[in-house]
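Shown next: data06.txt, containing compact mmCIF, C-alpha atoms.
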```
# COMPACT_ATOMS: atom_id res chain seq x y z
CA MET A 1 -19.88 17.49 17.89
CA PHE A 2 -22.63 14.96 17.06
CA ASP A 3 -26.32 15.44 17.66
CA LYS A 4 -28.75 12.59 18.24
CA GLU A 5 -29.89 12.57 14.62
CA THR A 6 -26.33 12.24 13.33
CA LEU A 7 -25.60 9.45 15.80
CA GLN A 8 -28.70 7.58 14.62
CA LYS A 9 -27.58 8.01 11.00
CA LEU A 10 -24.10 6.76 11.81
CA TYR A 11 -25.61 3.82 13.68
CA ARG A 12 -27.76 2.93 10.67
CA TYR A 13 -24.70 3.11 8.44
CA SER A 14 -22.92 0.82 10.85
CA TYR A 15 -25.93 -1.53 10.94
CA SER A 16 -26.07 -1.56 7.13
CA LEU A 17 -22.53 -2.93 7.06
CA SER A 18 -22.73 -5.40 9.91
CA CYS A 19 -26.40 -6.46 9.79
CA ASN A 20 -26.19 -6.90 13.54
CA GLU A 21 -27.36 -4.36 16.12
CA ALA A 22 -24.75 -5.21 18.77
CA ASP A 23 -21.90 -5.08 16.27
CA ALA A 24 -23.26 -1.82 14.85
CA TYR A 25 -23.21 -0.16 18.26
CA ASP A 26 -19.78 -1.54 19.00
CA LEU A 27 -18.36 -0.22 15.70
CA LEU A 28 -19.88 3.21 16.28
CA GLN A 29 -18.64 3.46 19.87
CA ASP A 30 -15.11 2.47 18.85
CA ALA A 31 -15.15 4.94 15.95
CA ILE A 32 -16.19 7.83 18.20
CA GLU A 33 -13.48 6.94 20.71
CA LYS A 34 -10.90 6.88 17.90
CA PHE A 35 -12.22 10.19 16.59
CA ILE A 36 -11.75 11.78 20.00
CA LYS A 37 -8.17 10.59 20.20
CA THR A 38 -7.36 11.92 16.73
CA GLU A 39 -7.23 15.52 15.67
CA VAL A 40 -9.53 15.66 12.67
CA ASP A 41 -11.08 18.56 10.80
CA THR A 42 -14.53 18.71 12.43
CA LYS A 43 -16.15 19.73 9.14
CA ASN A 44 -15.54 16.17 7.95
CA SER A 45 -16.24 14.42 11.22
CA THR A 46 -19.18 12.36 9.93
CA ALA A 47 -17.26 11.17 6.89
CA TYR A 48 -14.26 10.38 9.09
CA ILE A 49 -16.38 8.33 11.50
CA LYS A 50 -17.91 6.40 8.60
CA LYS A 51 -14.44 5.64 7.24
CA VAL A 52 -13.30 4.41 10.66
CA ILE A 53 -16.44 2.27 10.99
CA TYR A 54 -15.88 0.77 7.54
CA ASN A 55 -12.18 0.06 8.13
CA SER A 56 -12.85 -1.51 11.54
CA PHE A 57 -15.61 -3.64 10.07
CA VAL A 58 -13.39 -4.87 7.22
CA ASP A 59 -10.55 -5.59 9.68
CA ASP A 60 -12.92 -7.55 11.93
CA CYS A 61 -14.24 -9.57 9.01
CA ARG A 62 -10.77 -10.37 7.78
CA ARG A 63 -9.61 -11.31 11.28
CA LYS A 64 -12.58 -13.60 11.77
CA LYS A 65 -12.48 -14.65 8.10
CA ILE A 66 -16.20 -13.95 7.76
CA ILE A 67 -16.10 -12.41 4.30
CA ASP A 68 -13.58 -12.24 1.50
CA PHE A 69 -13.44 -8.78 0.03
CA GLU A 70 -12.86 -9.32 -3.66
CA ASN A 71 -12.22 -6.96 -6.51
CA ILE A 72 -15.00 -6.49 -8.99
CA GLU A 73 -14.58 -6.91 -12.74
CA GLU A 74 -16.14 -4.11 -14.73
CA ASN A 75 -16.37 -5.79 -18.12
CA GLU A 76 -19.80 -7.38 -17.66
CA LEU A 77 -21.74 -4.13 -17.48
CA PRO A 78 -24.39 -2.98 -20.02
CA ALA A 79 -23.75 0.58 -21.21
CA ASP A 80 -27.12 2.00 -20.11
CA PHE A 81 -27.12 0.47 -16.63
CA ASP A 82 -27.65 2.72 -13.60
CA ILE A 83 -28.68 2.47 -9.95
CA GLN A 84 -32.22 3.55 -10.83
CA THR A 85 -32.75 0.13 -12.45
CA LEU A 86 -32.83 -1.25 -8.92
CA GLU A 87 -36.11 0.61 -8.51
CA THR A 88 -37.70 -1.66 -11.09
CA ILE A 89 -37.57 -4.40 -8.48
CA GLN A 90 -40.70 -4.77 -6.39
CA ILE A 91 -40.31 -6.97 -3.35
CA ASN A 92 -42.38 -8.23 -0.51
CA GLU A 93 -41.75 -6.09 2.57
CA ASN A 94 -41.13 -8.97 4.93
CA LEU A 95 -38.15 -10.03 2.82
CA ALA A 96 -36.08 -6.98 3.77
CA GLU A 97 -33.93 -8.63 6.43
CA GLN A 98 -33.37 -11.74 4.31
CA ILE A 99 -32.22 -9.54 1.43
CA MET A 100 -29.85 -7.56 3.66
CA LEU A 101 -28.28 -10.77 4.93
CA SER A 102 -27.89 -12.10 1.39
CA LEU A 103 -25.90 -9.04 0.28
CA GLU A 104 -22.17 -8.48 0.64
CA PRO A 105 -21.14 -5.64 3.02
CA ASP A 106 -20.00 -3.48 0.09
CA GLU A 107 -23.41 -3.94 -1.52
CA ARG A 108 -25.19 -3.07 1.72
CA GLU A 109 -23.09 0.08 1.92
CA ILE A 110 -24.30 1.06 -1.55
CA ILE A 111 -27.89 0.31 -0.53
CA TYR A 112 -27.41 2.57 2.50
CA TYR A 113 -26.19 5.55 0.43
CA TRP A 114 -28.88 4.99 -2.18
CA ALA A 115 -31.90 4.34 0.07
CA ILE A 116 -31.05 6.42 3.15
CA GLU A 117 -28.87 9.25 1.84
CA GLY A 118 -30.57 9.40 -1.57
CA PHE A 119 -27.26 9.42 -3.48
CA SER A 120 -26.98 8.80 -7.22
CA THR A 121 -24.39 6.36 -8.62
CA SER A 122 -21.96 9.21 -9.32
CA GLU A 123 -22.40 10.59 -5.82
CA ILE A 124 -21.82 7.17 -4.22
CA ALA A 125 -18.69 6.69 -6.33
CA GLU A 126 -17.37 10.13 -5.43
CA TYR A 127 -18.16 9.73 -1.73
CA LEU A 128 -16.53 6.30 -1.51
CA GLY A 129 -13.58 7.37 -3.67
CA LYS A 130 -14.16 4.52 -6.14
CA PRO A 131 -14.62 4.56 -9.93
CA LYS A 132 -18.24 4.85 -11.04
CA GLY A 133 -17.79 1.68 -13.13
CA THR A 134 -16.93 -0.32 -10.00
CA ILE A 135 -20.07 0.86 -8.22
CA LEU A 136 -22.20 0.10 -11.28
CA SER A 137 -20.71 -3.39 -11.56
CA LYS A 138 -21.58 -4.09 -7.95
CA ILE A 139 -25.14 -2.86 -8.47
CA TYR A 140 -25.45 -4.96 -11.63
CA ARG A 141 -24.31 -8.11 -9.84
CA MET A 142 -26.47 -7.38 -6.84
CA ARG A 143 -29.58 -6.95 -9.01
CA HIS A 144 -28.89 -10.17 -10.88
CA ARG A 145 -28.39 -12.14 -7.69
CA LEU A 146 -31.49 -10.75 -6.00
CA ILE A 147 -33.69 -11.65 -8.97
CA GLU A 148 -32.11 -15.10 -9.21
CA GLN A 149 -32.43 -15.77 -5.50
CA PHE A 150 -35.85 -14.34 -4.70
CA ASN A 151 -37.92 -14.54 -7.87
CA ASP A 152 -39.68 -17.90 -7.74
CA GLY A 153 -41.44 -17.25 -11.06
CA SER A 154 -44.80 -16.44 -9.49
CA ASN A 155 -43.94 -12.72 -9.03
CA GLU A 156 -45.47 -12.91 -5.55
CA ILE A 157 -42.25 -12.30 -3.65
CA LEU A 158 -40.19 -10.36 -6.16
CA GLU A 159 -41.25 -8.80 -9.41
CA VAL A 160 -39.36 -6.80 -12.03
CA ILE A 161 -41.58 -4.13 -13.54
CA MET B 1 -48.56 -11.56 3.83
CA LYS B 2 -47.37 -7.95 3.51
CA HIS B 3 -47.64 -6.10 0.21
CA LYS B 4 -44.86 -5.40 -2.25
CA ASP B 5 -43.08 -2.11 -2.65
CA ASN B 6 -40.04 -1.03 -4.62
CA LEU B 7 -36.66 -2.16 -3.33
CA LYS B 8 -35.54 1.34 -2.32
CA ASN B 9 -38.54 1.96 -0.05
CA VAL B 10 -38.39 -1.49 1.49
CA MET B 11 -34.69 -1.20 2.30
CA ARG B 12 -35.07 2.33 3.64
CA GLU B 13 -37.88 1.29 5.96
CA HIS B 14 -35.91 -1.72 7.12
CA ILE B 15 -32.72 0.21 7.89
CA GLU B 16 -34.57 3.08 9.58
CA LYS B 17 -36.35 0.57 11.80
CA HIS B 18 -33.02 0.08 13.57
CA SER B 19 -32.09 2.86 15.94
CA LEU B 20 -30.03 3.51 19.04
CA SER B 21 -31.88 3.14 22.31
CA ASP B 22 -32.04 6.10 24.72
CA VAL B 23 -29.42 4.43 26.93
CA GLN B 24 -27.05 3.88 23.98
CA LEU B 25 -27.56 7.45 22.76
CA GLU B 26 -26.84 8.83 26.21
CA SER B 27 -23.74 6.69 26.50
CA LEU B 28 -22.39 7.99 23.15
CA LEU B 29 -23.25 11.58 24.06
CA GLN B 30 -21.30 11.16 27.27
CA ILE B 31 -18.18 10.36 25.22
CA LYS B 32 -18.83 13.55 23.31
CA LYS B 33 -19.33 15.52 26.51
CA SER B 34 -16.01 14.54 28.06
CA GLU B 35 -14.29 15.53 24.82
CA SER B 36 -16.06 18.91 24.75
CA ASN B 37 -15.10 19.55 28.36
CA GLU B 38 -11.49 18.78 27.54
CA LYS B 39 -11.52 21.12 24.53
CA THR B 40 -13.18 23.86 26.58
CA ARG B 41 -10.52 23.52 29.22
CA ILE B 42 -7.77 23.82 26.64
CA MET B 43 -9.36 26.74 24.77
CA ALA B 44 -10.01 28.68 27.97
CA GLY B 45 -6.35 29.68 28.05
CA SER B 46 -6.64 32.49 25.53
CA ASN B 47 -4.02 34.50 27.32
CA LEU B 48 -0.62 33.68 25.86
CA TRP B 49 1.03 33.33 29.27
CA ILE B 50 -1.66 31.00 30.51
CA LEU B 51 -1.32 29.00 27.31
CA LEU B 52 2.47 28.80 27.65
CA THR B 53 2.13 27.76 31.28
CA ALA B 54 -0.38 25.11 30.25
CA VAL B 55 1.95 23.82 27.55
CA PHE B 56 4.81 23.71 30.07
CA VAL B 57 2.69 21.89 32.64
CA LEU B 58 1.46 19.46 29.98
CA ALA B 59 5.00 18.76 28.84
CA ILE B 60 6.14 18.08 32.39
CA GLY B 61 3.01 15.99 32.95
CA ASN B 62 3.72 13.94 29.85
CA VAL B 63 7.27 13.27 30.97
CA PHE B 64 5.99 12.04 34.33
CA TYR B 65 3.15 10.09 32.69
CA PHE B 66 5.38 8.26 30.22
CA ASN B 67 8.00 7.55 32.84
CA PHE B 68 5.26 6.25 35.08
CA THR B 69 3.69 4.12 32.29
CA ASN B 70 7.04 2.68 31.29
CA ASP B 71 7.72 1.81 34.92
CA LEU B 72 4.53 -0.22 35.25
CA SER B 73 5.10 -3.91 35.84
CA LEU B 74 3.59 -6.44 33.44
CA ASP B 75 0.78 -7.40 35.83
CA GLU B 76 -0.09 -3.71 36.31
CA GLN B 77 -0.19 -3.16 32.54
CA ILE B 78 -2.44 -6.21 32.10
CA GLY B 79 -4.63 -5.10 35.01
CA ASN B 80 -5.06 -1.62 33.56
CA GLU B 81 -5.93 -2.92 30.12
CA VAL B 82 -8.37 -5.52 31.43
CA ALA B 83 -10.10 -3.09 33.82
CA LYS B 84 -10.43 -0.49 31.08
CA ASN B 85 -12.04 -3.01 28.71
CA HIS B 86 -14.30 -4.48 31.39
CA ILE B 87 -15.73 -1.07 32.29
CA LYS B 88 -16.86 -0.56 28.69
CA LEU B 89 -18.86 -3.83 28.81
CA LYS B 90 -18.97 -3.98 25.04
CA PRO B 91 -21.70 -6.11 23.47
CA LEU B 92 -21.10 -9.86 23.49
CA GLU B 93 -20.48 -11.53 20.15
CA VAL B 94 -21.86 -14.82 21.42
CA GLN B 95 -24.33 -15.24 24.25
CA THR B 96 -24.30 -18.66 25.87
CA SER B 97 -23.83 -20.46 29.15
CA SER B 98 -22.11 -23.37 27.42
CA LEU B 99 -18.33 -23.64 27.19
CA GLN B 100 -18.80 -25.95 24.21
CA VAL B 101 -20.60 -23.19 22.30
CA ILE B 102 -17.82 -20.77 23.29
CA ARG B 103 -15.22 -23.19 21.94
CA LYS B 104 -17.10 -23.54 18.68
CA TYR B 105 -17.39 -19.76 18.32
CA PHE B 106 -13.75 -18.84 18.98
CA THR B 107 -12.21 -20.49 15.93
CA GLU B 108 -9.55 -17.83 15.33
CA LEU B 109 -7.69 -18.32 18.62
CA ASP B 110 -4.44 -20.24 18.99
CA PHE B 111 -5.85 -22.05 22.02
CA ILE B 112 -9.01 -23.69 23.33
CA PRO B 113 -10.85 -21.73 26.04
CA ILE B 114 -11.08 -23.74 29.26
CA ASP B 115 -12.90 -23.70 32.57
CA SER B 116 -10.47 -22.48 35.23
CA GLU B 117 -10.08 -24.43 38.47
CA ILE B 118 -10.54 -21.14 40.30
CA LEU B 119 -14.05 -20.66 38.92
CA LYS B 120 -15.25 -24.27 38.77
CA SER B 121 -16.64 -24.34 42.29
CA SER B 122 -17.68 -20.68 42.45
CA GLY B 123 -21.22 -21.23 41.14
CA LYS B 124 -20.82 -18.34 38.73
CA LYS B 125 -22.53 -18.61 35.35
CA LEU B 126 -20.98 -18.08 31.92
CA ILE B 127 -23.10 -15.65 29.88
CA GLY B 128 -21.08 -15.20 26.68
CA GLY B 129 -17.92 -13.90 25.07
CA ARG B 130 -16.23 -11.69 22.50
CA TYR B 131 -12.84 -11.41 20.81
CA CYS B 132 -10.35 -9.00 22.35
CA SER B 133 -6.62 -8.74 23.04
CA ILE B 134 -4.24 -8.46 25.99
CA GLN B 135 -0.93 -6.69 25.39
CA GLY B 136 -1.48 -7.13 21.67
CA VAL B 137 -2.09 -10.90 21.92
CA THR B 138 -5.51 -12.08 20.66
CA ALA B 139 -7.66 -13.22 23.55
CA ALA B 140 -11.14 -14.40 24.46
CA GLN B 141 -13.09 -12.11 26.75
CA LEU B 142 -15.65 -14.27 28.54
CA ARG B 143 -18.32 -12.73 30.69
CA ILE B 144 -19.60 -14.42 33.82
CA LYS B 145 -22.37 -13.59 36.23
CA ASP B 146 -22.87 -14.30 39.90
CA ASP B 147 -26.61 -14.97 40.18
CA LYS B 148 -26.57 -14.35 43.93
CA THR B 149 -25.07 -10.87 43.79
CA GLY B 150 -25.79 -9.97 40.16
CA GLN B 151 -22.10 -9.06 39.75
CA ILE B 152 -20.82 -9.23 36.17
CA GLN B 153 -17.17 -10.17 35.72
CA SER B 154 -14.89 -10.40 32.71
CA LEU B 155 -12.58 -13.37 32.38
CA TYR B 156 -9.81 -12.96 29.84
CA GLN B 157 -8.02 -15.98 28.46
CA THR B 158 -5.13 -15.98 26.06
CA VAL B 159 -2.29 -18.28 25.17
CA TYR B 160 0.56 -18.01 27.69
CA ASP B 161 3.64 -16.84 25.86
CA PRO B 162 6.57 -16.68 28.32
CA LYS B 163 8.31 -14.18 26.04
CA VAL B 164 5.40 -11.73 26.44
CA PHE B 165 4.03 -12.67 29.85
CA SER B 166 7.07 -13.84 31.83
CA GLY B 167 7.04 -13.88 35.64
CA LEU B 168 3.31 -14.40 36.23
CA PRO B 169 2.19 -16.93 38.89
CA GLU B 170 1.45 -20.43 37.57
CA LEU B 171 -1.28 -22.41 39.37
CA ASN B 172 0.20 -25.79 38.50
CA LYS B 173 3.49 -24.70 40.12
CA ASN B 174 1.63 -23.80 43.33
CA GLY B 175 1.48 -20.14 42.37
CA LYS B 176 -1.41 -17.97 43.55
CA PRO B 177 -3.12 -15.29 41.46
CA VAL B 178 -1.59 -11.86 41.71
CA THR B 179 -4.12 -9.06 42.26
CA VAL B 180 -3.83 -5.66 40.64
CA TYR B 181 -6.10 -2.74 41.49
CA SER B 182 -7.06 -0.48 38.63
CA LYS B 183 -9.92 1.96 37.90
CA GLY B 184 -11.77 0.89 41.04
CA LEU B 185 -11.63 -2.81 40.18
CA ALA B 186 -9.55 -5.72 41.36
CA VAL B 187 -8.01 -7.87 38.62
CA ASP B 188 -6.69 -11.34 39.47
CA ILE B 189 -4.03 -12.61 37.08
CA TRP B 190 -2.62 -16.11 36.85
CA VAL B 191 -1.35 -18.79 34.48
CA GLU B 192 -3.12 -22.16 34.29
CA LYS B 193 -2.71 -25.09 31.89
CA GLY B 194 -0.70 -23.00 29.46
CA LEU B 195 -3.16 -20.12 29.39
CA LEU B 196 -3.00 -16.66 30.89
CA PHE B 197 -6.12 -15.65 32.84
CA ALA B 198 -7.25 -12.24 34.05
CA LEU B 199 -10.46 -11.94 36.06
CA THR B 200 -12.10 -8.68 37.09
CA ARG B 201 -14.03 -8.41 40.32
CA GLU B 202 -15.41 -5.74 42.61
CA ASN B 203 -12.75 -4.14 44.73
CA ASN B 204 -13.38 -5.22 48.31
CA LYS B 205 -10.16 -3.70 49.57
```
Please rewrite the model in this file as structure tokens.
Amino acid sequence: MFDKETLQKLYRYSYSLSCNEADAYDLLQDAIEKFIKTEVDTKNSTAYIKKVIYNSFVDDCRRKKIIDFENIEENELPADFDIQTLETIQINENLAEQIMLSLEPDEREIIYYWAIEGFSTSEIAEYLGKPKGTILSKIYRMRHRLIEQFNDGSNEILEVI
Amino acid sequence: MKHKDNLKNVMREHIEKHSLSDVQLESLLQIKKSESNEKTRIMAGSNLWILLTAVFVLAIGNVFYFNFTNDLSLDEQIGNEVAKNHIKLKPLEVQTSSLQVIRKYFTELDFIPIDSEILKSSGKKLIGGRYCSIQGVTAAQLRIKDDKTGQIQSLYQTVYDPKVFSGLPELNKNGKPVTVYSKGLAVDIWVEKGLLFALTRENNK
């Protein structure tokens, strides 16, 4: 059903959402148990597990009121904006964890599909079943916030090239 | 100070740094294995008659199972649920030996976790907690450890709702905990200061 490599990938997806190793394992374990109890087309088992992980994570956050999941406005987006513009950001490597923690779960999910799975904006939108404009808006906001938060003007920590 | 790299590479390296340990991987593969065994057992009946017999036996089994489940008393249902959750030993959301820290963490409960009279003099140490539920009611699952024996126990606390949990022994009315045996564990259940408690322990029966 799942080999070790797939389990590691699913765990990293889970970690990308939760930013916490214990929670990531917990989410994955619960999702696999749910998968076993449900009759699902095995061709889509990885996608199904990811959906279960995401839904459980959102439910947990709402229950514990950790994060408000808000809808994104799409009207602030420049026409030529794409996920590749994120690659113009150069950051100091030891800032990675701080950056992850500063992002919203939905943004971390996008980062996961972009950095780990190598998806384009269109592919992320299609995979998540969301309009491309919504994904682009999230990326646009994320980029703005990262630059605002981590660029101290000296270009030593974060630089836009 | 480390050097700079583009955001994509830095995030990829950071996420890939996190991986399941061998123990965690093995544990997840075990879940898979039991499922595969079950599927193999079901698929082995390629002969129509064997399949029909299996379906018949399953149907009869289900009838007995559901009748049996429905006949379980409330303390047995709680005991089963608590034992099942304890065996999983899911990761703690907060690790602490302080009840004050526990109280600060569990802000979404309709009650304040307390130290039970039954455990006060036991010398057992609180090691942390996580959110959970008993019979659909949100609860705190606290974990305690006996330093002498190394035994880990789960202590569930939830608000005592007589409509949901009627008929359980109340300590302040001179009641004594009722013990249920489930999945190889003993589970003591009682009501104290308006809270329902369920405590797992090794079965010494």
Specify as a PyMOL selection string all residues of chain A found within 9 Å of chain B, counting all atoms listed in the file.
chain A and resi 1-4+7-9+11-13+15-16+21-23+25-26+28-29+32-33+36+63-65+86-97+99-100+111-112+114-116+156-159
Would you pick out the contacts of Ser133 in chain B at 10 Å or less, using all atoms listed in the file, so that residues sharing its chain but fewer than 3 positions from it are not included, and give the list as number ranges by chain?
B: 81-82, 85, 136-141, 156-158
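Shortest atom-to-atom contact with Ser56 in chain A among A:Asp106, A:Glu117, A:Asp30, A:Asp82: A:Asp30, counting only C-alpha atoms.
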Quick one: residues within 12 Å of Gln153 in chain B, all atoms listed in the file, excluding same-chain residues fewer than 6 positions away - as a PyMOL selection string?
chain B and resi 82-83+85-89+119+124-129+141-147+185-188+198-203
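When CA of Leu103 in chain A is paired with CA of Thr85 in chain A, their separation reads 17.1 Å.
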Would you compute the distance between CA of Lys138 in chain A and CA of Gln84 in chain A? Give it in Å to one decimal.
13.4 Å
